[in-house]
file input-v7.cif (mmCIF, C-alpha atoms)
data_data
#
loop_
_atom_site.label_atom_id
_atom_site.label_comp_id
_atom_site.auth_asym_id
_atom_site.auth_seq_id
_atom_site.Cartn_x
_atom_site.Cartn_y
_atom_site.Cartn_z
CA MET C 171 126.94 103.78 134.03
CA ASP C 172 123.28 104.69 134.52
CA THR C 173 120.95 101.81 133.53
CA GLY C 174 118.55 104.23 131.84
CA LEU C 175 121.36 105.56 129.66
CA LEU C 176 122.38 102.03 128.71
CA ILE C 177 118.82 101.24 127.67
CA ALA C 178 118.62 104.54 125.77
CA LEU C 179 121.80 103.70 123.84
CA LEU C 180 120.73 100.12 123.15
CA ASN C 181 118.43 100.88 120.22
CA PRO C 182 120.66 103.36 118.35
CA THR C 183 123.61 100.98 118.70
CA ILE C 184 121.65 98.03 117.32
CA ALA C 185 120.10 100.15 114.56
CA LEU C 186 123.47 101.59 113.51
CA ALA C 187 125.05 98.13 113.41
CA LEU C 188 122.19 96.81 111.29
CA GLY C 189 122.32 99.84 109.00
CA THR C 190 126.04 99.25 108.48
CA SER C 191 125.38 95.58 107.71
CA PHE C 192 122.82 96.42 105.03
CA LEU C 193 125.15 99.05 103.58
CA VAL C 194 127.93 96.45 103.23
CA LEU C 195 125.49 94.01 101.61
CA TRP C 196 124.37 96.69 99.17
CA PHE C 197 128.00 97.56 98.33
CA TYR C 198 128.47 94.03 97.00
CA GLN C 199 124.97 93.77 95.49
CA ARG C 200 124.35 97.09 93.79
CA HIS C 201 121.60 95.52 91.67
CA ARG C 202 119.46 95.19 94.82
CA PRO C 203 118.65 98.81 95.76
CA TYR C 204 116.29 97.75 98.55
CA LEU C 205 119.41 96.95 100.62
CA ALA C 206 120.53 100.59 100.42
CA VAL C 207 117.04 101.69 101.47
CA LEU C 208 117.22 99.33 104.47
CA ALA C 209 120.60 100.81 105.40
CA ALA C 210 119.06 104.29 105.29
CA SER C 211 116.08 103.10 107.35
CA TYR C 212 118.13 101.70 110.22
CA SER C 213 120.54 104.67 110.16
CA LEU C 214 117.61 107.09 110.42
CA SER C 215 116.19 104.99 113.25
CA ALA C 216 119.50 105.26 115.11
CA ALA C 217 119.44 109.04 114.69
CA GLY C 218 115.83 109.16 115.90
CA PHE C 219 116.67 107.36 119.14
CA LEU C 220 119.66 109.62 119.77
CA PHE C 221 117.57 112.77 119.23
CA GLN C 222 114.95 111.29 121.55
CA ALA C 223 117.47 110.62 124.33
CA PHE C 224 119.47 113.86 124.08
CA THR C 225 118.15 117.41 123.70
CA LEU C 226 119.82 119.46 120.97
CA PRO C 227 120.69 123.17 121.36
CA ILE C 228 117.62 124.00 119.22
CA GLY C 229 115.36 123.18 122.18
CA LEU C 230 113.28 120.33 123.59
CA MET C 231 110.27 120.37 121.26
CA PRO C 232 112.27 120.82 118.02
CA SER C 233 114.53 117.96 119.15
CA LYS C 234 111.52 115.69 119.70
CA LEU C 235 110.04 116.72 116.36
CA LEU C 236 113.35 115.94 114.62
CA SER C 237 113.45 112.58 116.39
CA ASN C 238 109.95 111.64 115.24
CA LEU C 239 110.71 112.87 111.73
CA CYS C 240 113.68 110.47 111.62
CA PHE C 241 111.49 107.65 112.94
CA SER C 242 108.82 108.35 110.32
CA LEU C 243 111.31 108.44 107.46
CA ALA C 244 112.90 105.25 108.78
CA ALA C 245 109.50 103.53 108.90
CA CYS C 246 108.69 104.66 105.34
CA CYS C 247 112.05 103.37 104.07
CA LEU C 248 111.63 100.04 105.87
CA CYS C 249 108.10 99.51 104.52
CA SER C 250 109.14 100.42 100.97
CA ALA C 251 112.22 98.17 101.07
CA VAL C 252 110.39 95.13 102.42
CA VAL C 253 107.60 95.42 99.84
CA ALA C 254 110.04 96.10 96.98
CA ARG C 255 112.22 93.13 97.94
CA TYR C 256 109.35 90.79 97.11
CA GLY C 257 108.59 92.39 93.77
CA ARG C 258 105.36 93.97 94.94
CA ARG C 259 104.32 97.44 93.85
CA VAL C 260 105.25 99.80 96.68
CA PRO C 261 102.11 101.58 98.01
CA TYR C 262 103.75 105.00 98.18
CA VAL C 263 100.41 106.79 98.57
CA GLY C 264 99.35 104.66 101.54
CA ILE C 265 102.76 104.98 103.16
CA GLY C 266 102.80 108.73 102.62
CA VAL C 267 99.27 109.23 103.96
CA LEU C 268 99.92 107.21 107.14
CA ALA C 269 103.31 108.76 107.86
CA GLY C 270 102.17 112.28 106.93
CA SER C 271 99.00 112.04 109.02
CA GLY C 272 100.99 110.83 112.01
CA LEU C 273 103.46 113.70 111.74
CA ALA C 274 100.71 116.27 111.20
CA ALA C 275 98.81 115.07 114.28
CA LEU C 276 102.07 115.03 116.25
CA CYS C 277 102.76 118.66 115.34
CA TRP C 278 99.22 119.60 116.35
CA PHE C 279 99.57 118.05 119.81
CA MET C 280 103.07 119.46 120.12
CA PHE C 281 102.65 123.09 119.13
CA VAL C 282 98.91 123.91 118.83
CA GLN C 283 97.33 121.88 121.62
CA PRO C 284 100.23 120.44 123.62
CA ASP C 285 99.44 116.97 124.94
CA LEU C 286 102.19 114.37 125.46
CA THR C 287 99.80 111.43 125.78
CA TRP C 288 98.12 112.17 122.47
CA ARG C 289 101.51 112.65 120.82
CA ILE C 290 102.43 109.14 121.92
CA LEU C 291 99.15 107.71 120.66
CA VAL C 292 99.08 109.34 117.22
CA ILE C 293 102.69 108.50 116.29
CA ASN C 294 102.36 104.91 117.50
CA PHE C 295 99.09 104.45 115.62
CA ALA C 296 100.74 105.78 112.45
CA PHE C 297 103.60 103.29 112.78
CA GLY C 298 101.12 100.52 113.57
CA GLY C 299 99.22 101.36 110.39
CA LEU C 300 102.43 101.18 108.36
CA SER C 301 103.23 97.76 109.85
CA LEU C 302 99.80 96.41 108.99
CA LEU C 303 100.09 97.88 105.48
CA VAL C 304 103.28 95.84 104.97
CA ALA C 305 101.55 92.76 106.37
CA ALA C 306 98.75 93.24 103.85
CA GLU C 307 101.29 93.38 101.00
CA LEU C 308 103.18 90.32 102.27
CA ARG C 309 99.98 88.32 102.67
CA VAL C 310 100.12 87.48 98.96
CA VAL C 311 103.67 86.05 99.14
CA ARG C 312 103.64 84.63 102.67
CA ASN C 313 103.45 81.02 101.44
CA GLU C 314 106.41 81.30 99.08
CA GLY C 315 108.98 80.44 101.75
CA PRO C 316 109.88 80.58 105.44
CA THR C 317 111.36 84.09 105.33
CA GLU C 318 108.20 85.43 103.71
CA MET C 319 106.01 83.85 106.39
CA ILE C 320 108.26 85.08 109.20
CA LEU C 321 108.27 88.64 107.86
CA PHE C 322 104.50 88.53 107.48
CA VAL C 323 104.10 87.40 111.10
CA LEU C 324 106.62 89.99 112.34
CA SER C 325 104.74 92.74 110.49
CA LEU C 326 101.52 91.69 112.22
CA LEU C 327 103.26 91.55 115.61
CA SER C 328 104.79 94.97 115.00
CA GLY C 329 101.36 96.41 114.23
CA LEU C 330 99.89 94.84 117.36
CA ASN C 331 102.83 96.15 119.37
CA PHE C 332 102.21 99.73 118.27
CA PHE C 333 98.46 99.53 118.80
CA VAL C 334 97.78 97.11 121.65
CA ARG C 335 100.86 97.59 123.83
CA THR C 336 100.57 101.37 123.60
CA LEU C 337 96.90 101.38 124.61
CA ILE C 338 97.34 98.86 127.44
CA VAL C 339 100.31 100.63 129.01
CA ILE C 340 98.78 104.10 128.73
CA ILE C 341 95.44 102.94 130.12
CA ALA C 342 97.25 101.24 133.01
CA HIS C 343 99.55 104.19 133.70
CA GLY C 344 97.31 107.13 132.95
CA ARG C 345 98.19 110.39 131.21
CA PHE C 346 101.79 111.57 130.89
CA GLU C 347 102.43 115.14 131.98
CA ASN C 348 106.08 115.51 130.97
CA TYR C 349 109.04 113.69 129.43
CA ALA C 350 110.70 113.02 132.79
CA GLU C 351 107.66 110.97 133.79
CA LEU C 352 107.58 109.28 130.37
CA TYR C 353 111.23 108.17 130.47
CA THR C 354 110.81 106.47 133.86
CA SER C 355 107.56 104.70 132.95
CA SER C 356 106.85 101.11 131.93
CA TYR C 357 105.68 102.46 128.57
CA TRP C 358 109.15 103.74 127.67
CA THR C 359 110.93 100.60 128.88
CA THR C 360 108.60 98.28 126.95
CA ALA C 361 108.78 100.53 123.89
CA LEU C 362 112.58 100.43 123.80
CA LEU C 363 112.83 96.69 124.43
CA SER C 364 110.04 95.69 122.01
CA HIS C 365 111.48 97.92 119.31
CA ALA C 366 114.95 96.46 119.83
CA LEU C 367 113.62 92.89 119.61
CA LEU C 368 111.33 93.41 116.61
CA SER C 369 113.81 95.50 114.63
CA LEU C 370 116.52 92.91 115.24
CA LEU C 371 114.28 90.01 114.18
CA ILE C 372 113.09 91.84 111.07
CA ALA C 373 116.66 92.75 110.14
CA LEU C 374 117.94 89.20 110.66
CA CYS C 375 115.09 87.88 108.51
CA LEU C 376 115.91 90.38 105.76
CA ILE C 377 119.62 89.56 105.95
CA CYS C 378 118.68 85.88 105.64
CA ALA C 379 116.49 86.73 102.63
CA ALA C 380 119.38 88.65 101.04
CA GLY C 381 121.63 85.63 101.59
CA LEU C 382 119.05 83.37 99.96
CA ASP C 383 118.88 85.78 97.02
CA VAL C 384 122.65 85.45 96.56
CA MET C 385 122.49 81.66 96.75
CA LYS C 386 119.62 81.58 94.27
CA ALA C 387 121.50 83.87 91.87
CA LEU C 388 124.63 81.72 92.12
CA LYS C 389 122.63 78.57 91.48
CA THR C 390 120.95 80.22 88.50
CA GLU C 391 124.33 81.24 87.11
CA THR C 392 125.75 77.74 87.49
CA HIS C 393 122.66 76.17 85.90
CA THR C 394 122.05 78.66 83.06
CA ASP C 395 123.77 78.99 79.71
CA PRO C 396 124.61 82.70 79.31
CA LEU C 397 124.32 82.81 75.51
CA SER C 398 120.97 81.11 75.05
CA GLY C 399 119.40 81.90 78.42
CA LEU C 400 118.35 78.25 78.68
CA LEU C 401 119.45 75.75 81.29
CA ASN C 402 122.92 74.34 80.69
CA ARG C 403 123.46 70.58 80.63
CA ARG C 404 123.84 70.32 84.39
CA GLY C 405 120.79 72.47 85.08
CA PHE C 406 118.73 70.64 82.47
CA GLU C 407 119.59 67.20 83.82
CA GLU C 408 118.75 68.19 87.41
CA ARG C 409 115.44 69.86 86.54
CA ALA C 410 114.42 67.24 83.97
CA THR C 411 115.17 64.39 86.39
CA LEU C 412 112.81 65.90 88.96
CA VAL C 413 110.04 66.45 86.40
CA LEU C 414 110.51 62.98 84.94
CA GLN C 415 110.30 61.37 88.37
CA HIS C 416 107.10 63.30 89.08
CA CYS C 417 105.59 62.07 85.81
CA ILE C 418 106.55 58.48 86.61
CA THR C 419 105.04 58.72 90.10
CA ALA C 420 101.84 60.29 88.79
CA LYS C 421 101.75 57.89 85.79
CA LEU C 422 101.72 60.80 83.34
CA PRO C 423 103.09 60.64 79.79
CA VAL C 424 106.36 62.42 79.11
CA ALA C 425 108.49 62.85 76.01
CA LEU C 426 111.94 64.18 75.17
CA VAL C 427 112.95 66.15 72.08
CA LEU C 428 116.58 66.67 71.07
CA ALA C 429 117.48 69.26 68.45
CA ASP C 430 120.74 69.96 66.65
CA LEU C 431 121.46 72.88 64.34
CA ASP C 432 122.45 71.69 60.87
CA HIS C 433 125.85 72.60 59.39
CA PHE C 434 126.57 74.94 62.31
CA LYS C 435 130.35 74.75 61.89
CA THR C 436 129.98 75.81 58.27
CA LEU C 437 127.87 78.82 59.37
CA ASN C 438 130.56 79.83 61.83
CA ASP C 439 133.29 79.50 59.20
CA LEU C 440 131.37 81.48 56.58
CA TYR C 441 129.86 84.29 58.67
CA GLY C 442 131.89 84.35 61.89
CA HIS C 443 131.29 83.35 65.49
CA ALA C 444 129.19 86.43 66.22
CA ALA C 445 126.67 85.34 63.60
CA GLY C 446 126.79 81.81 65.01
CA ASP C 447 126.00 83.15 68.46
CA ARG C 448 122.99 85.00 67.07
CA VAL C 449 121.77 81.79 65.43
CA ILE C 450 121.99 79.97 68.77
CA ALA C 451 120.25 82.80 70.64
CA ASP C 452 117.50 83.00 68.00
CA PHE C 453 116.86 79.24 68.04
CA ALA C 454 116.91 79.17 71.86
CA ALA C 455 114.32 81.95 72.07
CA LYS C 456 111.96 80.06 69.73
CA PHE C 457 112.66 76.78 71.53
CA ARG C 458 111.92 78.29 74.95
CA SER C 459 108.76 79.98 73.74
CA ALA C 460 107.46 76.76 72.17
CA ALA C 461 108.27 74.70 75.28
CA GLY C 462 106.12 76.99 77.44
CA ALA C 463 106.07 77.04 81.21
CA ARG C 464 105.71 73.28 81.66
CA GLY C 465 108.54 72.20 79.37
CA VAL C 466 112.12 71.95 80.63
CA ALA C 467 114.39 73.39 77.92
CA GLY C 468 118.17 73.44 77.90
CA ARG C 469 121.26 73.87 75.75
CA ILE C 470 123.15 70.64 76.39
CA GLY C 471 125.97 71.11 73.91
CA GLY C 472 127.48 73.59 71.47
CA GLU C 473 124.57 73.55 69.04
CA GLU C 474 122.47 70.84 70.65
CA PHE C 475 119.27 71.51 72.58
CA ALA C 476 116.82 69.41 74.59
CA VAL C 477 113.34 69.84 75.95
CA LEU C 478 111.43 67.51 78.26
CA LEU C 479 107.69 67.70 77.64
CA PRO C 480 105.49 66.46 80.50
CA LEU C 481 101.92 65.46 79.63
CA SER C 482 103.05 64.73 76.05
CA ASP C 483 103.09 61.39 74.24
CA LEU C 484 105.13 60.54 71.15
CA ALA C 485 102.58 62.05 68.76
CA ALA C 486 102.36 65.36 70.66
CA ALA C 487 106.16 65.57 70.93
CA ARG C 488 106.46 64.95 67.19
CA LEU C 489 104.05 67.81 66.46
CA PHE C 490 106.12 70.03 68.76
CA ALA C 491 109.32 69.11 66.91
CA GLU C 492 107.77 69.59 63.47
CA ALA C 493 106.43 73.00 64.45
CA GLY C 494 109.83 74.00 65.79
CA ARG C 495 111.62 72.76 62.67
CA THR C 496 109.26 74.64 60.35
CA LEU C 497 109.36 77.85 62.38
CA HIS C 498 113.16 77.89 62.55
CA SER C 499 113.83 77.05 58.92
CA ALA C 500 111.33 79.63 57.67
CA GLY C 501 112.73 82.48 59.73
CA SER C 502 115.70 84.78 59.20
CA VAL C 503 118.53 85.59 61.57
CA ASP C 504 120.10 89.03 61.96
CA GLY C 505 123.67 89.07 60.67
CA LEU C 506 123.12 86.44 58.00
CA PRO C 507 122.58 87.28 54.31
CA THR C 508 118.96 87.51 53.22
CA GLY C 509 117.66 84.16 52.09
CA THR C 510 120.11 82.13 54.16
CA ARG C 511 118.27 79.10 55.54
CA VAL C 512 119.22 77.82 58.96
CA THR C 513 117.75 74.41 59.66
CA ALA C 514 117.74 71.94 62.54
CA SER C 515 117.25 68.21 62.98
CA PHE C 516 115.12 66.67 65.72
CA GLY C 517 115.00 63.36 67.55
CA VAL C 518 111.96 62.39 69.61
CA ALA C 519 111.52 59.72 72.28
CA ALA C 520 108.74 59.00 74.76
CA ARG C 521 108.84 57.14 78.04
CA THR C 522 107.59 53.58 77.58
CA ASN C 523 108.16 52.03 81.00
CA HIS C 524 110.17 53.55 83.81
CA GLU C 525 113.19 54.78 81.85
CA GLY C 526 115.40 57.29 83.55
CA LEU C 527 116.54 60.47 81.87
CA GLU C 528 119.80 58.96 80.64
CA LEU C 529 118.08 56.12 78.78
CA LEU C 530 115.42 58.46 77.40
CA MET C 531 118.14 60.77 76.07
CA CYS C 532 119.87 57.78 74.45
CA HIS C 533 116.67 56.89 72.58
CA ALA C 534 116.15 60.51 71.46
CA ASP C 535 119.82 60.78 70.45
CA GLU C 536 119.50 57.69 68.25
CA ALA C 537 116.49 59.29 66.56
CA LEU C 538 118.42 62.54 66.13
CA TYR C 539 121.33 60.68 64.53
CA GLU C 540 118.89 59.07 62.11
CA ALA C 541 117.53 62.52 61.20
CA LYS C 542 121.08 63.73 60.53
CA ARG C 543 121.97 60.65 58.53
CA SER C 544 118.87 60.86 56.35
CA GLY C 545 119.45 64.40 55.12
CA ARG C 546 118.91 66.75 58.10
CA ASP C 547 116.09 69.33 58.48
CA SER C 548 113.78 66.55 59.60
CA VAL C 549 112.15 64.88 62.61
CA ARG C 550 112.70 61.25 63.50
CA LEU C 551 111.14 59.14 66.25
CA SER C 552 112.83 56.67 68.55
CA GLN C 553 112.97 53.29 66.76
CA GLU C 554 112.41 51.36 69.97
CA ARG C 555 109.16 53.23 70.54
CA LEU C 556 108.09 52.71 66.95
CA GLU C 557 108.77 48.98 67.17
CA MET C 558 106.64 48.76 70.32
CA VAL C 559 103.80 50.60 68.57
CA VAL C 560 104.02 48.28 65.57
CA VAL C 561 104.09 45.14 67.77
CA THR C 562 101.17 46.40 69.86
CA GLY C 563 99.19 47.14 66.70
CA SER C 564 99.91 43.71 65.30
CA LEU C 565 98.78 41.99 68.49
CA LYS C 566 95.53 43.92 68.47
CA ALA C 567 94.94 43.05 64.81
CA GLY C 568 95.65 39.36 65.49
#
call {"tool": "encode", "arguments": {"input": "input-v7.cif", "output": "structure tokens"}}
result
Amino acid sequence: MDTGLLIALLNPTIALALGTSFLVLWFYQRHRPYLAVLAASYSLSAAGFLFQAFTLPIGLMPSKLLSNLCFSLAACCLCSAVVARYGRRVPYVGIGVLAGSGLAALCWFMFVQPDLTWRILVINFAFGGLSLLVAAELRVVRNEGPTEMILFVLSLLSGLNFFVRTLIVIIAHGRFENYAELYTSSYWTTALLSHALLSLLIALCLICAAGLDVMKALKTETHTDPLSGLLNRRGFEERATLVLQHCITAKLPVALVLADLDHFKTLNDLYGHAAGDRVIADFAAKFRSAAGARGVAGRIGGEEFAVLLPLSDLAAARLFAEAGRTLHSAGSVDGLPTGTRVTASFGVAARTNHEGLELLMCHADEALYEAKRSGRDSVRLSQERLEMVVVTGSLKAG
């Protein structure tokens, strides 16, 4: 088979395979529409290369125009998908202006003032501008992970490829008079090979990113309680252990608050499990809001909750617990009769030496048990911590 034909079929084959891959990924992840847009992008790119290599019955110039239209749409889809994947606002206006200007200039040098060299320049510059636009959007997120940095670098390289390579090759070769000369030139060979390499690398990076998204979602599901939206016991223990270790290393204060809803079984028996679920969801929302971004909050049992509070001593943790107790008992829950009070008991412990999470939870659990035993709807502090405070105070007084 002719080597030129093999090279011509290389890009559409790769693009079609990648488009199919993204389509399969989207089929199993319908909540990630950017995958479908990537599938459309690579499929359009495959069509563009085929229309570039083979002349349709509509004629040479219309075939080339259709090819470049497919390339432009593919570039727009790729840019939009990459930006959307990282939660950035898609710059539709910038994408539209660059792609539209490139196509308009192409049509001018195709039908009004025919010039093959200028057609090559304007369409490559348009694609280069789109690549740099994506790089500008990814610059904000490039330090969030390896895939983000790789995509940022690839976007820059793609922009340089469209600008620098095009100019160097055309300056070295000179003007192109016809397509036969173009297809046998170093420009065409380097264009096909560089596009194949860059498109493959970008696609592999995006496939890797999609795989990381799946892994992250699975980890979130296994570490999150679906009813409360808080971390489950496993997720809480893993996250809290890391935060606690950081506080120990940095010699920062840290406290733990355990909370348990009072008479929860009675609520379930009187008003049903649906009402009980709403009570848990309502308390969890208030608990999460009060913990803020620094606190590690979780539902560690049926009606038991925990929050690790870095940069908080025993006094600050007690204020947190008292505020939470007051807020919860004063509020109402949908599904319960008006005036029904739902209360919670709290146990508070603070790190004294180098206790691990397990020992800290034992101290807080003892305090919680004391709150339950002494009438509920109250806050109690770890007795061990209190004894240390009393002993320390006595020594200072002596």
call {"tool": "closest_atom_pairs", "arguments": {"input": "input-v7.cif", "of": "segment 356-410 of chain C", "to": "segment 180-191 of chain C", "cutoff": "7 Å", "atoms": "all atoms listed in the file", "output": "CSV"}}
result
residue,atom,partner,partner_atom,distance
C:Leu362,CA,C:Asn181,CA,6.9
C:Ala366,CA,C:Asn181,CA,5.6
C:Ala373,CA,C:Leu188,CA,7.0
call {"tool": "write_last_selection", "arguments": {"input": "input-v7.cif", "atoms": "C-alpha atoms", "output": "PDB file, in the coordinates of the input"}}
result
ATOM      1  CA  LEU C 362     112.580 100.430 123.800  1.00  0.00           C
ATOM      2  CA  ALA C 366     114.950  96.460 119.830  1.00  0.00           C
ATOM      3  CA  ALA C 373     116.660  92.750 110.140  1.00  0.00           C
TER       4      ALA C 373
END
call {"tool": "closest_atom_pairs", "arguments": {"input": "input-v7.cif", "of": "segment 468-539 of chain C", "to": "segment 440-460 of chain C", "cutoff": "7 Å", "atoms": "all atoms listed in the file", "output": "CSV"}}
result
residue,atom,partner,partner_atom,distance
C:Glu473,CA,C:Ile450,CA,6.9
C:Gly494,CA,C:Phe457,CA,7.0
C:His498,CA,C:Phe453,CA,6.8
C:Val503,CA,C:Val449,CA,6.3
C:Gly505,CA,C:Ala445,CA,5.6
C:Leu506,CA,C:Ala445,CA,6.7
call {"tool": "closest_residue", "arguments": {"input": "input-v7.cif", "among": "C:Ser271, C:Thr359, C:Thr411, C:Ser301", "to": "Ala245 of chain C", "atoms": "all atoms listed in the file"}}
result
C:Ser301
call {"tool": "residues_around", "arguments": {"input": "input-v7.cif", "residues": "Phe322 of chain C", "least_positions_apart": "4", "cutoff": "12 Å", "atoms": "all atoms listed in the file", "output": "PyMOL selection string"}}
result
chain C and resi 249+252-253+256+301-318+326-329+371-372+375-376
call {"tool": "resolve_selection", "arguments": {"input": "input-v7.cif", "expression": "the PyMOL selection byres ((chain C and resi 390-393) around 10)", "output": "ChimeraX atom specification"}}
result
/C:384-389,394-396,399-409,468
call {"tool": "atom_distance", "arguments": {"input": "input-v7.cif", "atom1": "atom CA of Pro423 of chain C", "atom2": "atom CA of Thr513 of chain C"}}
result
28.5 Å
call {"tool": "atom_distance", "arguments": {"input": "input-v7.cif", "atom1": "atom CA of Leu337 of chain C", "atom2": "atom CA of Gly266 of chain C"}}
result
23.9 Å
call {"tool": "atom_distance", "arguments": {"input": "input-v7.cif", "atom1": "atom CA of Ala223 of chain C", "atom2": "atom CA of Val339 of chain C"}}
result
20.4 Å
call {"tool": "resolve_selection", "arguments": {"input": "input-v7.cif", "expression": "the PyMOL selection byres ((chain C and resi 230-237) around 10)", "output": "list in words"}}
result
Leu214, Ser215, Ala216, Ala217, Gly218, Phe219, Leu220, Phe221, Gln222, Ala223, Phe224, Thr225, Leu226, Pro227, Ile228, Gly229, Asn238, Leu239, Cys240, Phe241, Ser242, Leu273, Leu276, Cys277, Met280, Phe281 and Tyr349 of chain C
call {"tool": "resolve_selection", "arguments": {"input": "input-v7.cif", "expression": "the PyMOL selection byres ((chain C and resi 357) around 12)", "output": "number ranges by chain"}}
result
C: 287, 290-291, 294, 331-332, 334-346, 349, 351-356, 358-365
call {"tool": "closest_residue", "arguments": {"input": "input-v7.cif", "among": "C:Leu248, C:Ala463, C:Ala296, C:Ala269", "to": "Phe333 of chain C", "atoms": "all atoms listed in the file"}}
result
C:Ala296
call {"tool": "decode", "arguments": {"input": "input-v7.cif", "residues": "segment 200-265 of chain C", "atoms": "C-alpha atoms", "output": "tab-separated table (two decimals), in the first residue's frame"}}
result
chain	number	residue	atom	x	y	z
C	200	ARG	CA	-23.82	9.77	31.75
C	201	HIS	CA	-23.40	12.35	34.52
C	202	ARG	CA	-20.16	13.51	32.84
C	203	PRO	CA	-21.35	15.11	29.57
C	204	TYR	CA	-17.86	16.33	28.69
C	205	LEU	CA	-17.04	12.72	27.70
C	206	ALA	CA	-19.76	12.80	25.03
C	207	VAL	CA	-18.39	16.12	23.76
C	208	LEU	CA	-14.91	14.56	23.53
C	209	ALA	CA	-16.37	11.65	21.57
C	210	ALA	CA	-17.95	14.13	19.15
C	211	SER	CA	-14.67	16.05	18.90
C	212	TYR	CA	-12.55	13.08	17.90
C	213	SER	CA	-15.23	11.73	15.55
C	214	LEU	CA	-15.42	15.10	13.78
C	215	SER	CA	-11.63	15.15	13.58
C	216	ALA	CA	-11.67	11.72	11.91
C	217	ALA	CA	-14.20	12.99	9.37
C	218	GLY	CA	-12.08	16.09	8.74
C	219	PHE	CA	-9.01	14.03	7.88
C	220	LEU	CA	-10.99	11.78	5.56
C	221	PHE	CA	-12.49	14.76	3.72
C	222	GLN	CA	-8.99	16.23	3.48
C	223	ALA	CA	-7.53	13.05	1.97
C	224	PHE	CA	-10.37	12.20	-0.43
C	225	THR	CA	-12.27	14.56	-2.74
C	226	LEU	CA	-16.05	14.24	-2.60
C	227	PRO	CA	-18.31	14.44	-5.70
C	228	ILE	CA	-19.21	18.02	-4.68
C	229	GLY	CA	-15.77	19.19	-5.85
C	230	LEU	CA	-12.30	19.95	-4.50
C	231	MET	CA	-12.88	23.30	-2.78
C	232	PRO	CA	-16.20	22.33	-1.12
C	233	SER	CA	-14.52	19.13	0.11
C	234	LYS	CA	-11.67	21.13	1.66
C	235	LEU	CA	-14.13	23.57	3.20
C	236	LEU	CA	-16.12	20.68	4.70
C	237	SER	CA	-12.89	19.19	6.03
C	238	ASN	CA	-11.87	22.42	7.75
C	239	LEU	CA	-15.39	22.89	9.09
C	240	CYS	CA	-15.12	19.46	10.74
C	241	PHE	CA	-11.69	20.36	12.14
C	242	SER	CA	-13.01	23.65	13.53
C	243	LEU	CA	-16.02	22.03	15.18
C	244	ALA	CA	-13.76	19.31	16.58
C	245	ALA	CA	-11.40	21.93	18.03
C	246	CYS	CA	-14.32	23.84	19.59
C	247	CYS	CA	-15.70	20.64	21.15
C	248	LEU	CA	-12.27	19.63	22.48
C	249	CYS	CA	-11.63	23.06	24.02
C	250	SER	CA	-15.09	23.18	25.61
C	251	ALA	CA	-14.81	19.65	27.00
C	252	VAL	CA	-11.36	20.14	28.52
C	253	VAL	CA	-12.35	23.41	30.21
C	254	ALA	CA	-15.70	22.01	31.41
C	255	ARG	CA	-14.04	18.89	32.84
C	256	TYR	CA	-12.19	21.06	35.35
C	257	GLY	CA	-15.26	23.01	36.41
C	258	ARG	CA	-14.16	26.19	34.68
C	259	ARG	CA	-16.63	28.43	32.89
C	260	VAL	CA	-16.36	27.61	29.19
C	261	PRO	CA	-15.31	30.73	27.21
C	262	TYR	CA	-17.83	30.18	24.41
C	263	VAL	CA	-17.39	33.71	23.06
C	264	GLY	CA	-13.60	33.38	22.77
C	265	ILE	CA	-13.89	29.93	21.21
